[in-house]
Amino acid sequence: MFFKENSPSYRELILGVNKKVPLISGKSVTAINFDNAATTPPFKAVLKDITSFAPWYSSIHRGEGFKSQLTTRFYDDSRNIVSKFVNADVNNTVIYVKNSTEAFNKLSNLLYEPHKKNVILTTDMEHHSNDLPWRDKFIVDYISIDTEGRLSLEDLEAKLNKYNNYIKLVTITGASNITGYKNPIYDIAKLVHKFGSKLLVDGAQLIPHAPFLMNSDNSEYNIDFLTFSAHKMYAPFGIGVLIGPKNILDNCEPDLVGGGTVDIVTHNFIKWNESPQRHEAGSPNVIGSIALVSAIKVLNKIGMNNVESIEKKLTAYAISQIRNIPNLKIYCDTSSEVDRVSIIPFNIDGIHHSTVAKILSYEWGISVRSGCFCAQPYLVKLLNISSEFVHDRIANPDLYRPGMVRISFGLYNSFQEIDILAYALSKISLKREYYIRKYQNMKKTLFDV
Ligand SMILES: Cc1ncc(COP(=O)(O)O)c(C=O)c1O
C-alpha cells in the first residue's frame, strides 16, 4: 500500500483527531472517523472562539448593558457572515433553527395553506427530514431515480408539467447522504423557475463540502430556499439555518410564537415582527451562532474549492483502494465523471452491515455508519428490495433489516487512514466466517474491555 499523507495542517484544525480508543483486544489505537456525514468533530477554533466570547455572553436584543449590546451585535452580524458564505443576496433572510430537520418542519408549517390542495415535489433520494414534514400538510409526489440512484430530470420536468399551478415548492437534496451524488441544482432551479415554482435545496451534505451560490448575476439559477446544519460543518453547538426570500417569509404566520416574534401585542391584537425575528421565538442560541461563524471563518480560510478538491481526492483514493476487494459491493456510480461529495456506501456479501460496522470499530477503531441512513425509500430502491419484503418487515419487526455500510470523509481525513480501512475490509472479506462466528453473539461492548 502506498501512503499519501493529507496535509497535516488540516488535521491540526480538528479537536480530538489524536484520541485513542479501545479495541476488543484490550489494546488502544488512534480513532479513525469515517462518519463525517452524520456529524463532524469540532474545529479547535470553534471552541477557542466560544471560550473567548463566553465572558461577554449576556442577554440579547433588549439589554442596554455593554455585554448585552455586544452579544446582540455578534448574533445579528452572524447572519451576514452566513449569508455571504452561501452567496445569498440581501433579499434573503437567515433564520436560525436547531438543525436541518427543524428547518424543514418550520418551512412546511410556514407554507401550509389549510384550504388549498398544494403540491410539494420532492424526490426518491431524500433524507426522511425532507420528506416526512411535508406529508401531513401537502400532496407530496416523488421525482424518480434511475437504476444507479441518480435523479431523473425527465421525471422532474414531467411532474412539473403534471402539477404545474398547484406546486408550492420543489425540494431536493443538494447531495445524497447515501450515494453522495450531487444533484445539478442550478439547472434544476432554472427548470423549476420556468414553471413559476420555487426550489428548496437541502444543503446538509453539500454546504460543508463544496462552494454554494445561492444567488448569482443570472437569477434564473437562483436557489430560493436553503437549509443546513452546523454540526455537520465542524460546529456542533445546536444550530441550523433556513434561508429564504424575506418577502415570502414576512408574509407567513409564525409557527412558534412568544417572546421576540412580536412588535405590538394587546389582549386582542398582534403585530408580528419582520423576519427573521418573526420566526425565531424565544431566546436564541447565541453560542451556536458564534460556533457557526467561527467554523465558516476556518472554511473560508481554507477555501471551499480547496475543501472540495481535498475530499474528492480522498474519495477517489478510497474507491480505488476498496473497489476490488472480493465480496465488496459499492452501491453508487463510482466513475470519475460523476459529481459527488465524499460518501461511499457498500456491503460485504454474507455479513450484516451492522456487523461490518462493529468489526471495524472493535478491531481497528474505525467509526462508520450502517443501516438505512434515515432515507429508507432511497435505500430500498438502491438495494432493489420488493414491496412484499418491506411489508413482511412491517408485519414482523424481528426480521432481518437490510442496509449498507457508509464511509464519509471530512477535510482532515488522511490517505493513511484509508489504507487502514482498505486493509481491514480486505481482512473481513477474506475471513468472513471467522468474524461472523466471533461477532454474531458477542455481548461484550468496548466499555467492558
Ligand atoms: C441529506 C440530509 N438532510 C437532512 C439531514 C438532517 O440533518 P439534521 O439531523 O442535522 O437535522 C441529514 C442528516 O444526516 C442529511 O444527511
# chains A, B, ... in the order shown; residues from 1 in each chain; ligands from 1
>>> residues_around(residues="Val21 of chain A", least_positions_apart="4", cutoff="12 Å", atoms="only C-alpha atoms", output="count of residues only")
21
>>> select_by_dssp(residues="segment 204-449 of chain A", states="strand (DSSP E)", output="MDAnalysis selection string")
chainID A and resid 225:229 240:245 262:266 269:272 328:330 343:348 366:367 369:371 404:408
>>> write_last_selection(atoms="C-alpha atoms", output="PDB file, in the first residue's frame")
ATOM      1  CA  PHE A 225     -34.589  28.343  -0.049  1.00  0.00           C
ATOM      2  CA  LEU A 226     -31.662  26.607   1.639  1.00  0.00           C
ATOM      3  CA  THR A 227     -31.295  24.524   4.818  1.00  0.00           C
ATOM      4  CA  PHE A 228     -28.210  23.160   6.564  1.00  0.00           C
ATOM      5  CA  SER A 229     -26.834  22.066   9.957  1.00  0.00           C
ATOM      6  CA  GLY A 240     -29.034  25.125  11.913  1.00  0.00           C
ATOM      7  CA  VAL A 241     -30.045  27.504   9.163  1.00  0.00           C
ATOM      8  CA  LEU A 242     -33.070  28.211   6.991  1.00  0.00           C
ATOM      9  CA  ILE A 243     -32.527  30.883   4.343  1.00  0.00           C
ATOM     10  CA  GLY A 244     -35.267  32.169   2.091  1.00  0.00           C
ATOM     11  CA  PRO A 245     -36.788  35.250   0.449  1.00  0.00           C
ATOM     12  CA  VAL A 262     -43.921  40.347  18.068  1.00  0.00           C
ATOM     13  CA  ASP A 263     -43.828  44.079  17.566  1.00  0.00           C
ATOM     14  CA  ILE A 264     -47.102  45.116  19.250  1.00  0.00           C
ATOM     15  CA  VAL A 265     -49.413  42.976  21.406  1.00  0.00           C
ATOM     16  CA  THR A 266     -52.677  43.778  23.169  1.00  0.00           C
ATOM     17  CA  PHE A 269     -54.271  42.395  18.687  1.00  0.00           C
ATOM     18  CA  ILE A 270     -50.884  41.129  17.475  1.00  0.00           C
ATOM     19  CA  LYS A 271     -48.491  42.748  15.056  1.00  0.00           C
ATOM     20  CA  TRP A 272     -45.721  40.279  14.238  1.00  0.00           C
ATOM     21  CA  LEU A 328     -17.441  -5.981  -1.550  1.00  0.00           C
ATOM     22  CA  LYS A 329     -20.155  -4.180  -3.492  1.00  0.00           C
ATOM     23  CA  ILE A 330     -20.326  -0.396  -3.792  1.00  0.00           C
ATOM     24  CA  ILE A 343     -19.569   9.482   0.722  1.00  0.00           C
ATOM     25  CA  ILE A 344     -19.288   5.815  -0.299  1.00  0.00           C
ATOM     26  CA  PRO A 345     -21.967   3.176   0.508  1.00  0.00           C
ATOM     27  CA  PHE A 346     -21.123  -0.543   0.369  1.00  0.00           C
ATOM     28  CA  ASN A 347     -21.782  -4.023   1.737  1.00  0.00           C
ATOM     29  CA  ILE A 348     -19.679  -7.130   2.152  1.00  0.00           C
ATOM     30  CA  ILE A 366     -12.688   2.867  12.698  1.00  0.00           C
ATOM     31  CA  SER A 367     -16.080   4.638  13.002  1.00  0.00           C
ATOM     32  CA  ARG A 369     -22.327   4.322   9.886  1.00  0.00           C
ATOM     33  CA  SER A 370     -24.514   1.361   8.992  1.00  0.00           C
ATOM     34  CA  GLY A 371     -28.234   0.895   8.390  1.00  0.00           C
ATOM     35  CA  MET A 404     -25.494  -0.670   3.967  1.00  0.00           C
ATOM     36  CA  VAL A 405     -22.226   0.492   5.445  1.00  0.00           C
ATOM     37  CA  ARG A 406     -21.312   4.112   4.744  1.00  0.00           C
ATOM     38  CA  ILE A 407     -17.934   5.792   4.883  1.00  0.00           C
ATOM     39  CA  SER A 408     -17.795   9.567   4.655  1.00  0.00           C
TER      40      SER A 408
END
>>> residues_near_ligand(ligand="ligand 1", cutoff="9 Å", atoms="only C-alpha atoms and all ligand atoms", output="PyMOL selection string")
chain A and resi 37-39+98-104+125-130+173-178+202-206+227-232+238-240+373-375
>>> residues_around(residues="Gly196 of chain A", least_positions_apart="6", cutoff="12 Å", atoms="only C-alpha atoms", output="list in words")
Leu160, Asn161, Tyr163, Asn164, Asn165, Tyr166, Ile167, Lys168, Leu169, Val170, Ala189, Lys190, Glu220 and Asp224 of chain A
>>> write_last_selection(atoms="N, CA and C atoms", output="mmCIF file, in the first residue's frame")
data_model
loop_
_atom_site.group_PDB
_atom_site.id
_atom_site.type_symbol
_atom_site.label_atom_id
_atom_site.label_comp_id
_atom_site.auth_asym_id
_atom_site.auth_seq_id
_atom_site.Cartn_x
_atom_site.Cartn_y
_atom_site.Cartn_z
ATOM 1 N N LEU A 160 -43.372 18.544 -13.098
ATOM 2 C CA LEU A 160 -43.630 19.997 -13.115
ATOM 3 C C LEU A 160 -44.797 20.286 -14.064
ATOM 4 N N ASN A 161 -44.821 19.592 -15.189
ATOM 5 C CA ASN A 161 -45.914 19.745 -16.159
ATOM 6 C C ASN A 161 -47.233 19.259 -15.582
ATOM 7 N N TYR A 163 -48.288 18.863 -12.398
ATOM 8 C CA TYR A 163 -48.915 19.570 -11.269
ATOM 9 C C TYR A 163 -48.922 21.092 -11.445
ATOM 10 N N ASN A 164 -48.205 21.529 -12.450
ATOM 11 C CA ASN A 164 -47.983 22.939 -12.752
ATOM 12 C C ASN A 164 -48.469 23.964 -11.724
ATOM 13 N N ASN A 165 -49.734 24.369 -11.778
ATOM 14 C CA ASN A 165 -50.167 25.503 -10.941
ATOM 15 C C ASN A 165 -50.360 25.166 -9.466
ATOM 16 N N TYR A 166 -50.268 23.907 -9.124
ATOM 17 C CA TYR A 166 -50.540 23.510 -7.736
ATOM 18 C C TYR A 166 -49.265 23.350 -6.911
ATOM 19 N N ILE A 167 -48.113 23.537 -7.550
ATOM 20 C CA ILE A 167 -46.858 23.259 -6.827
ATOM 21 C C ILE A 167 -46.496 24.422 -5.903
ATOM 22 N N LYS A 168 -46.382 24.097 -4.625
ATOM 23 C CA LYS A 168 -45.994 25.121 -3.648
ATOM 24 C C LYS A 168 -44.473 25.229 -3.601
ATOM 25 N N LEU A 169 -43.805 24.083 -3.738
ATOM 26 C CA LEU A 169 -42.349 24.079 -3.619
ATOM 27 C C LEU A 169 -41.792 22.790 -4.209
ATOM 28 N N VAL A 170 -40.603 22.926 -4.825
ATOM 29 C CA VAL A 170 -39.846 21.734 -5.221
ATOM 30 C C VAL A 170 -38.682 21.658 -4.232
ATOM 31 N N ALA A 189 -32.917 24.524 -10.733
ATOM 32 C CA ALA A 189 -33.533 25.816 -10.382
ATOM 33 C C ALA A 189 -34.090 26.489 -11.633
ATOM 34 N N LYS A 190 -33.312 26.444 -12.704
ATOM 35 C CA LYS A 190 -33.745 27.099 -13.951
ATOM 36 C C LYS A 190 -35.055 26.469 -14.445
ATOM 37 N N GLU A 220 -32.198 33.304 -12.970
ATOM 38 C CA GLU A 220 -32.839 32.033 -13.347
ATOM 39 C C GLU A 220 -32.290 30.874 -12.515
ATOM 40 N N ASP A 224 -33.923 29.273 -4.152
ATOM 41 C CA ASP A 224 -34.860 30.122 -3.403
ATOM 42 C C ASP A 224 -34.774 29.910 -1.896
#
>>> select_by_dssp(residues="segment 334-375 of chain A", states="alpha helix (DSSP H)", output="PDB file with C-alpha atoms, in the first residue's frame")
ATOM      1  CA  HIS A 353     -23.988  -4.263   7.567  1.00  0.00           C
ATOM      2  CA  SER A 354     -24.171  -3.633  11.321  1.00  0.00           C
ATOM      3  CA  THR A 355     -21.669  -6.451  11.950  1.00  0.00           C
ATOM      4  CA  VAL A 356     -19.193  -4.950   9.464  1.00  0.00           C
ATOM      5  CA  ALA A 357     -19.507  -1.599  11.254  1.00  0.00           C
ATOM      6  CA  LYS A 358     -18.975  -3.289  14.602  1.00  0.00           C
ATOM      7  CA  ILE A 359     -15.911  -5.228  13.415  1.00  0.00           C
ATOM      8  CA  LEU A 360     -14.327  -2.047  12.019  1.00  0.00           C
ATOM      9  CA  SER A 361     -14.785  -0.338  15.356  1.00  0.00           C
ATOM     10  CA  TYR A 362     -13.914  -3.252  17.653  1.00  0.00           C
ATOM     11  CA  GLU A 363     -10.886  -4.496  15.687  1.00  0.00           C
ATOM     12  CA  TRP A 364      -9.458  -1.310  14.138  1.00  0.00           C
TER      13      TRP A 364
END
